[in-house]
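What follows is a set of notes on a single structure, which appears directly below.
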Amino acid sequence: MRFVLLIIIIFFSKVSLSHSNSYNFTQLVSLNEPWGSSFISDEELIITEQTGKIKIVNITSKEAYEVKHNLNYFVHGQGGLLDIIYQNDYLWISYSENRGDWKTSTSIAKAKLNKKNLNFKNIFQAEPPIESGYHFGSRLAIKDNFLFASAGERGGGMIAQDPTNHPGSIIRIYLDGSIPKDNPKFEGKSNWLPEIYQIGVRNPQGLTYSSFDGKIYASNHGAKGGDWFGEIKKGENYGWKILGWGGTNYSGSKIGPKWKPGFTKAIQYWVPSIAASAITIYKGKEFSEWNGEALITSLKDKSMRKLNFKNSSKIEETIIFKDKIGRIRDIQVHPVNGKIYFLAGNSLWLMEKKK
């Protein structure tokens with residue numbers, strides 16, 4: 001009877017189950033609270049550890065070494081070194097910057113790649129600095145000459161509705177830190193800070209560019225439920241903390257409706273929360289049948305899900321695997337062979353098809 005009920009539940013569910021036994025998972029290197037990663041060559045990943053170190057890992061030899069840096073970071077709660085992204089011999093990093101008196105900001109710095117010593121210079125600081133160890137964000141994505149970044153609302157709730165403050169928003173700046181003159185502030189939203197592209201987010205820990213449609217996508221943590229995956233849209237508002245996205249406060253009290261007109265509607269919601277973390281729009285050889293589909297990793301749920309969202313009225317979600325490698329913080333696709341690399345638990349992992 002239980003088996004029959006399970007079959008019925010799976011049949012009518014919007015979420016299908018994959019056969020995770022079709023894949024090999026290999027633990028490559030042990031790390032300490034890894035957070036962000038980026039390929040700097042076909043054989044090397046540069047990785048941040050939240051606790052303060054930057055490391056380069058050779059995925060072939062499985063050797064790792066530390067790179068010195070000059071960042072004025074502060075490890076507090078969810079803060080420390082966060083995301084890192086590489087392009088054309090330069091690095092951009094997001095981190096919780098020590099602003100004094102226990103106050104920190106989600107900040108972004110840039111450096112020319114040097115495998116021994118990185119000399120970073122700040123190109124963005126989220127204002128105001130806040131005394132909180134919560135909700136820094138913060139992922140980075142590059143589209144053309146633009147750098148997109150997510151700035152969490154630091155636990156401040158309705159600050160995400162105040163465009164005169166950076167927390168709770170999506171940032172768009174040029175790669176050198178200068179401000180695009182077609183950001184919302186210059187096109188009808190004069191009270192917005194010039195770096196802000198979209199408001200109303202809570203704690204977005206996924207951000208990625210899709211070469212298939214030229215769009216930027218994000219994942220975001222709700223409170224008790226209400227995680228979402230959606231498109232970043234210029235000058236719009238995802239609604240936190242007016243909207244609850246289907247979730248509630250941790251006390252159980254209601255926040256607001258899942259969605260209402262006037263706010264950006266996400267592509268997919270999760271209730272209960274899966275703690276959606278890093279995302280990517282897959283493009284590669286190893287799993288070529290997934291090209292153009294979103295891969296969503298998670299912390300609490302310890303899973304990777306695949307979303308086919310080409311038809312907005314029929315989102316197809318597949319759980320590719322769950323409880324295989326622990327809490328997943330980051331995902332990267334190899335630029336040549338398309339194999340997938342995860343930062344999960346305290347390790348770097350490789351996922352590939354079984355031969």
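For the structure tokens, the naming scheme is as follows: chains receive sequential letters (A, B, ...) according to their order of presentation, residues are indexed from 1 within each chain, and ligands are indexed from 1 in presentation order.
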
- Message: For Asn337 (chain A), find every residue with an atom within 9 Å (counting only C-alpha atoms), except residues of its own chain fewer than 5 positions away, and show them as a ChimeraX atom specification.
- Response: /A:284-286

Would you save the residues from that selection as a short mmCIF file (atom, residue, chain, number, x, y, z; two decimals), in the first residue's frame, using all heavy atoms?
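Listed below is the output, part-v2.cif:
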```cif
data_model
loop_
_atom_site.label_atom_id
_atom_site.label_comp_id
_atom_site.auth_asym_id
_atom_site.auth_seq_id
_atom_site.Cartn_x
_atom_site.Cartn_y
_atom_site.Cartn_z
N GLY A 284 27.84 22.45 -21.72
CA GLY A 284 29.01 21.59 -21.75
C GLY A 284 28.76 20.28 -22.48
O GLY A 284 27.67 20.02 -22.99
N LYS A 285 29.80 19.44 -22.51
CA LYS A 285 29.76 18.18 -23.25
C LYS A 285 29.31 17.00 -22.40
O LYS A 285 28.54 16.15 -22.86
CB LYS A 285 31.15 17.88 -23.82
CG LYS A 285 31.65 18.88 -24.86
CD LYS A 285 33.05 18.51 -25.34
CE LYS A 285 33.57 19.51 -26.37
NZ LYS A 285 34.95 19.16 -26.81
N GLU A 286 29.80 16.93 -21.15
CA GLU A 286 29.57 15.74 -20.34
C GLU A 286 28.08 15.44 -20.15
O GLU A 286 27.65 14.29 -20.20
CB GLU A 286 30.25 15.90 -18.97
CG GLU A 286 30.16 14.68 -18.07
CD GLU A 286 31.20 13.61 -18.38
OE1 GLU A 286 31.94 13.76 -19.38
OE2 GLU A 286 31.27 12.63 -17.63
#
```

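Close contacts of region 177-180 of chain A, defined as residues with an atom at most 7 Å away when counting only C-alpha atoms, with chain neighbours fewer than 3 positions off set aside, comprise Ile123, Phe124, Ile173, Tyr174, Asn183, Pro194 and Glu195 of chain A.
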
Dump as a PDB file, in the first residue's frame, selection limited to all heavy atoms:
```pdb
ATOM      1  N   ILE A 123      36.233  47.980  -5.339  1.00  0.00           N
ATOM      2  CA  ILE A 123      35.495  48.707  -6.377  1.00  0.00           C
ATOM      3  C   ILE A 123      34.037  48.917  -5.972  1.00  0.00           C
ATOM      4  O   ILE A 123      33.306  49.620  -6.660  1.00  0.00           O
ATOM      5  CB  ILE A 123      35.571  47.996  -7.741  1.00  0.00           C
ATOM      6  CG1 ILE A 123      34.966  46.589  -7.679  1.00  0.00           C
ATOM      7  CG2 ILE A 123      37.010  47.943  -8.251  1.00  0.00           C
ATOM      8  CD1 ILE A 123      34.813  45.921  -9.041  1.00  0.00           C
ATOM      9  N   PHE A 124      33.611  48.324  -4.833  1.00  0.00           N
ATOM     10  CA  PHE A 124      32.236  48.526  -4.354  1.00  0.00           C
ATOM     11  C   PHE A 124      32.167  48.191  -2.876  1.00  0.00           C
ATOM     12  O   PHE A 124      32.757  47.219  -2.410  1.00  0.00           O
ATOM     13  CB  PHE A 124      31.244  47.649  -5.117  1.00  0.00           C
ATOM     14  CG  PHE A 124      29.855  47.669  -4.541  1.00  0.00           C
ATOM     15  CD1 PHE A 124      29.006  48.731  -4.789  1.00  0.00           C
ATOM     16  CD2 PHE A 124      29.415  46.637  -3.722  1.00  0.00           C
ATOM     17  CE1 PHE A 124      27.729  48.767  -4.230  1.00  0.00           C
ATOM     18  CE2 PHE A 124      28.144  46.661  -3.162  1.00  0.00           C
ATOM     19  CZ  PHE A 124      27.305  47.735  -3.432  1.00  0.00           C
ATOM     20  N   ILE A 173      27.504  47.046 -11.859  1.00  0.00           N
ATOM     21  CA  ILE A 173      28.548  48.026 -12.116  1.00  0.00           C
ATOM     22  C   ILE A 173      29.380  47.539 -13.295  1.00  0.00           C
ATOM     23  O   ILE A 173      29.247  46.380 -13.728  1.00  0.00           O
ATOM     24  CB  ILE A 173      29.455  48.241 -10.880  1.00  0.00           C
ATOM     25  CG1 ILE A 173      30.048  46.901 -10.389  1.00  0.00           C
ATOM     26  CG2 ILE A 173      28.695  48.933  -9.757  1.00  0.00           C
ATOM     27  CD1 ILE A 173      30.981  47.015  -9.181  1.00  0.00           C
ATOM     28  N   TYR A 174      30.231  48.405 -13.822  1.00  0.00           N
ATOM     29  CA  TYR A 174      31.188  47.955 -14.825  1.00  0.00           C
ATOM     30  C   TYR A 174      32.304  47.168 -14.147  1.00  0.00           C
ATOM     31  O   TYR A 174      32.486  47.228 -12.924  1.00  0.00           O
ATOM     32  CB  TYR A 174      31.763  49.144 -15.590  1.00  0.00           C
ATOM     33  CG  TYR A 174      30.845  49.722 -16.633  1.00  0.00           C
ATOM     34  CD1 TYR A 174      30.421  51.051 -16.563  1.00  0.00           C
ATOM     35  CD2 TYR A 174      30.380  48.944 -17.700  1.00  0.00           C
ATOM     36  CE1 TYR A 174      29.576  51.589 -17.525  1.00  0.00           C
ATOM     37  CE2 TYR A 174      29.536  49.474 -18.663  1.00  0.00           C
ATOM     38  CZ  TYR A 174      29.141  50.794 -18.575  1.00  0.00           C
ATOM     39  OH  TYR A 174      28.296  51.317 -19.528  1.00  0.00           O
ATOM     40  N   ASN A 183      21.677  52.468 -15.585  1.00  0.00           N
ATOM     41  CA  ASN A 183      21.105  51.852 -14.391  1.00  0.00           C
ATOM     42  C   ASN A 183      19.811  52.583 -14.019  1.00  0.00           C
ATOM     43  O   ASN A 183      19.580  53.715 -14.462  1.00  0.00           O
ATOM     44  CB  ASN A 183      22.107  51.898 -13.237  1.00  0.00           C
ATOM     45  CG  ASN A 183      22.992  50.664 -13.184  1.00  0.00           C
ATOM     46  OD1 ASN A 183      22.891  49.766 -14.017  1.00  0.00           O
ATOM     47  ND2 ASN A 183      23.884  50.614 -12.205  1.00  0.00           N
ATOM     48  N   PRO A 194      23.000  54.636  -7.273  1.00  0.00           N
ATOM     49  CA  PRO A 194      23.346  54.435  -8.686  1.00  0.00           C
ATOM     50  C   PRO A 194      23.775  53.025  -9.056  1.00  0.00           C
ATOM     51  O   PRO A 194      23.675  52.636 -10.220  1.00  0.00           O
ATOM     52  CB  PRO A 194      24.471  55.449  -8.914  1.00  0.00           C
ATOM     53  CG  PRO A 194      25.020  55.744  -7.566  1.00  0.00           C
ATOM     54  CD  PRO A 194      23.862  55.649  -6.623  1.00  0.00           C
ATOM     55  N   GLU A 195      24.250  52.246  -8.075  1.00  0.00           N
ATOM     56  CA  GLU A 195      24.708  50.877  -8.376  1.00  0.00           C
ATOM     57  C   GLU A 195      23.573  49.870  -8.387  1.00  0.00           C
ATOM     58  O   GLU A 195      23.756  48.734  -8.843  1.00  0.00           O
ATOM     59  CB  GLU A 195      25.754  50.422  -7.341  1.00  0.00           C
ATOM     60  CG  GLU A 195      26.994  51.286  -7.266  1.00  0.00           C
ATOM     61  CD  GLU A 195      26.861  52.414  -6.257  1.00  0.00           C
ATOM     62  OE1 GLU A 195      25.728  52.642  -5.742  1.00  0.00           O
ATOM     63  OE2 GLU A 195      27.874  53.070  -5.979  1.00  0.00           O
TER      64      GLU A 195
END
```

- Item | For region 273-278 of chain A: contacts at 10 Å, only C-alpha atoms, fewer than 6 positions along chain excluded, given as number ranges by chain | A: 35-36, 83, 137-139, 203-208, 218-229, 246-247, 295-305, 327-332, 342-343

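What separates CA of Glu153 (chain A) from CA of Gln268 (chain A) is a distance of 21.1 Å.
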
- Test item: residues at most 9 Å from Glu127 (chain A), only C-alpha atoms, excluding those fewer than 3 positions along its chain, as a PyMOL selection string: chain A and resi 105-106+130+164-167

Include all heavy atoms and write out the residues we just selected as a short mmCIF file (atom, residue, chain, number, x, y, z; two decimals), in the first residue's frame.
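Written file, again_7.cif:
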```
data_model
loop_
_atom_site.label_atom_id
_atom_site.label_comp_id
_atom_site.auth_asym_id
_atom_site.auth_seq_id
_atom_site.Cartn_x
_atom_site.Cartn_y
_atom_site.Cartn_z
N SER A 105 30.35 45.24 5.68
CA SER A 105 29.56 45.43 4.46
C SER A 105 29.91 44.33 3.48
O SER A 105 31.01 43.76 3.51
CB SER A 105 29.84 46.80 3.83
OG SER A 105 31.20 46.91 3.44
N THR A 106 28.96 44.02 2.60
CA THR A 106 29.27 43.19 1.45
C THR A 106 30.05 44.06 0.48
O THR A 106 29.50 45.02 -0.06
CB THR A 106 27.99 42.67 0.78
OG1 THR A 106 27.24 41.89 1.73
CG2 THR A 106 28.33 41.79 -0.42
N ILE A 130 26.85 47.49 8.50
CA ILE A 130 25.85 47.04 9.47
C ILE A 130 26.49 46.07 10.47
O ILE A 130 27.33 45.26 10.10
CB ILE A 130 24.67 46.36 8.74
CG1 ILE A 130 23.91 47.38 7.88
CG2 ILE A 130 23.72 45.68 9.74
CD1 ILE A 130 22.85 46.76 6.99
N THR A 164 17.63 53.55 -1.16
CA THR A 164 18.69 54.48 -0.74
C THR A 164 19.74 53.75 0.09
O THR A 164 20.69 54.37 0.56
CB THR A 164 18.12 55.67 0.06
OG1 THR A 164 17.59 55.20 1.31
CG2 THR A 164 17.02 56.38 -0.72
N ASN A 165 19.55 52.43 0.27
CA ASN A 165 20.53 51.56 0.92
C ASN A 165 20.81 50.37 0.00
O ASN A 165 19.91 49.89 -0.69
CB ASN A 165 20.01 51.05 2.26
CG ASN A 165 19.89 52.15 3.29
OD1 ASN A 165 20.88 52.63 3.83
ND2 ASN A 165 18.65 52.57 3.56
N HIS A 166 22.05 49.88 0.01
CA HIS A 166 22.41 48.76 -0.86
C HIS A 166 21.91 47.39 -0.37
O HIS A 166 21.57 46.54 -1.21
CB HIS A 166 23.94 48.67 -1.03
CG HIS A 166 24.52 49.78 -1.84
ND1 HIS A 166 25.46 50.65 -1.32
CD2 HIS A 166 24.32 50.15 -3.12
CE1 HIS A 166 25.81 51.52 -2.27
NE2 HIS A 166 25.13 51.24 -3.36
N PRO A 167 21.88 47.11 0.96
CA PRO A 167 21.48 45.76 1.37
C PRO A 167 20.10 45.38 0.86
O PRO A 167 19.16 46.17 0.89
CB PRO A 167 21.51 45.85 2.90
CG PRO A 167 22.54 46.90 3.18
CD PRO A 167 22.34 47.91 2.10
#
```
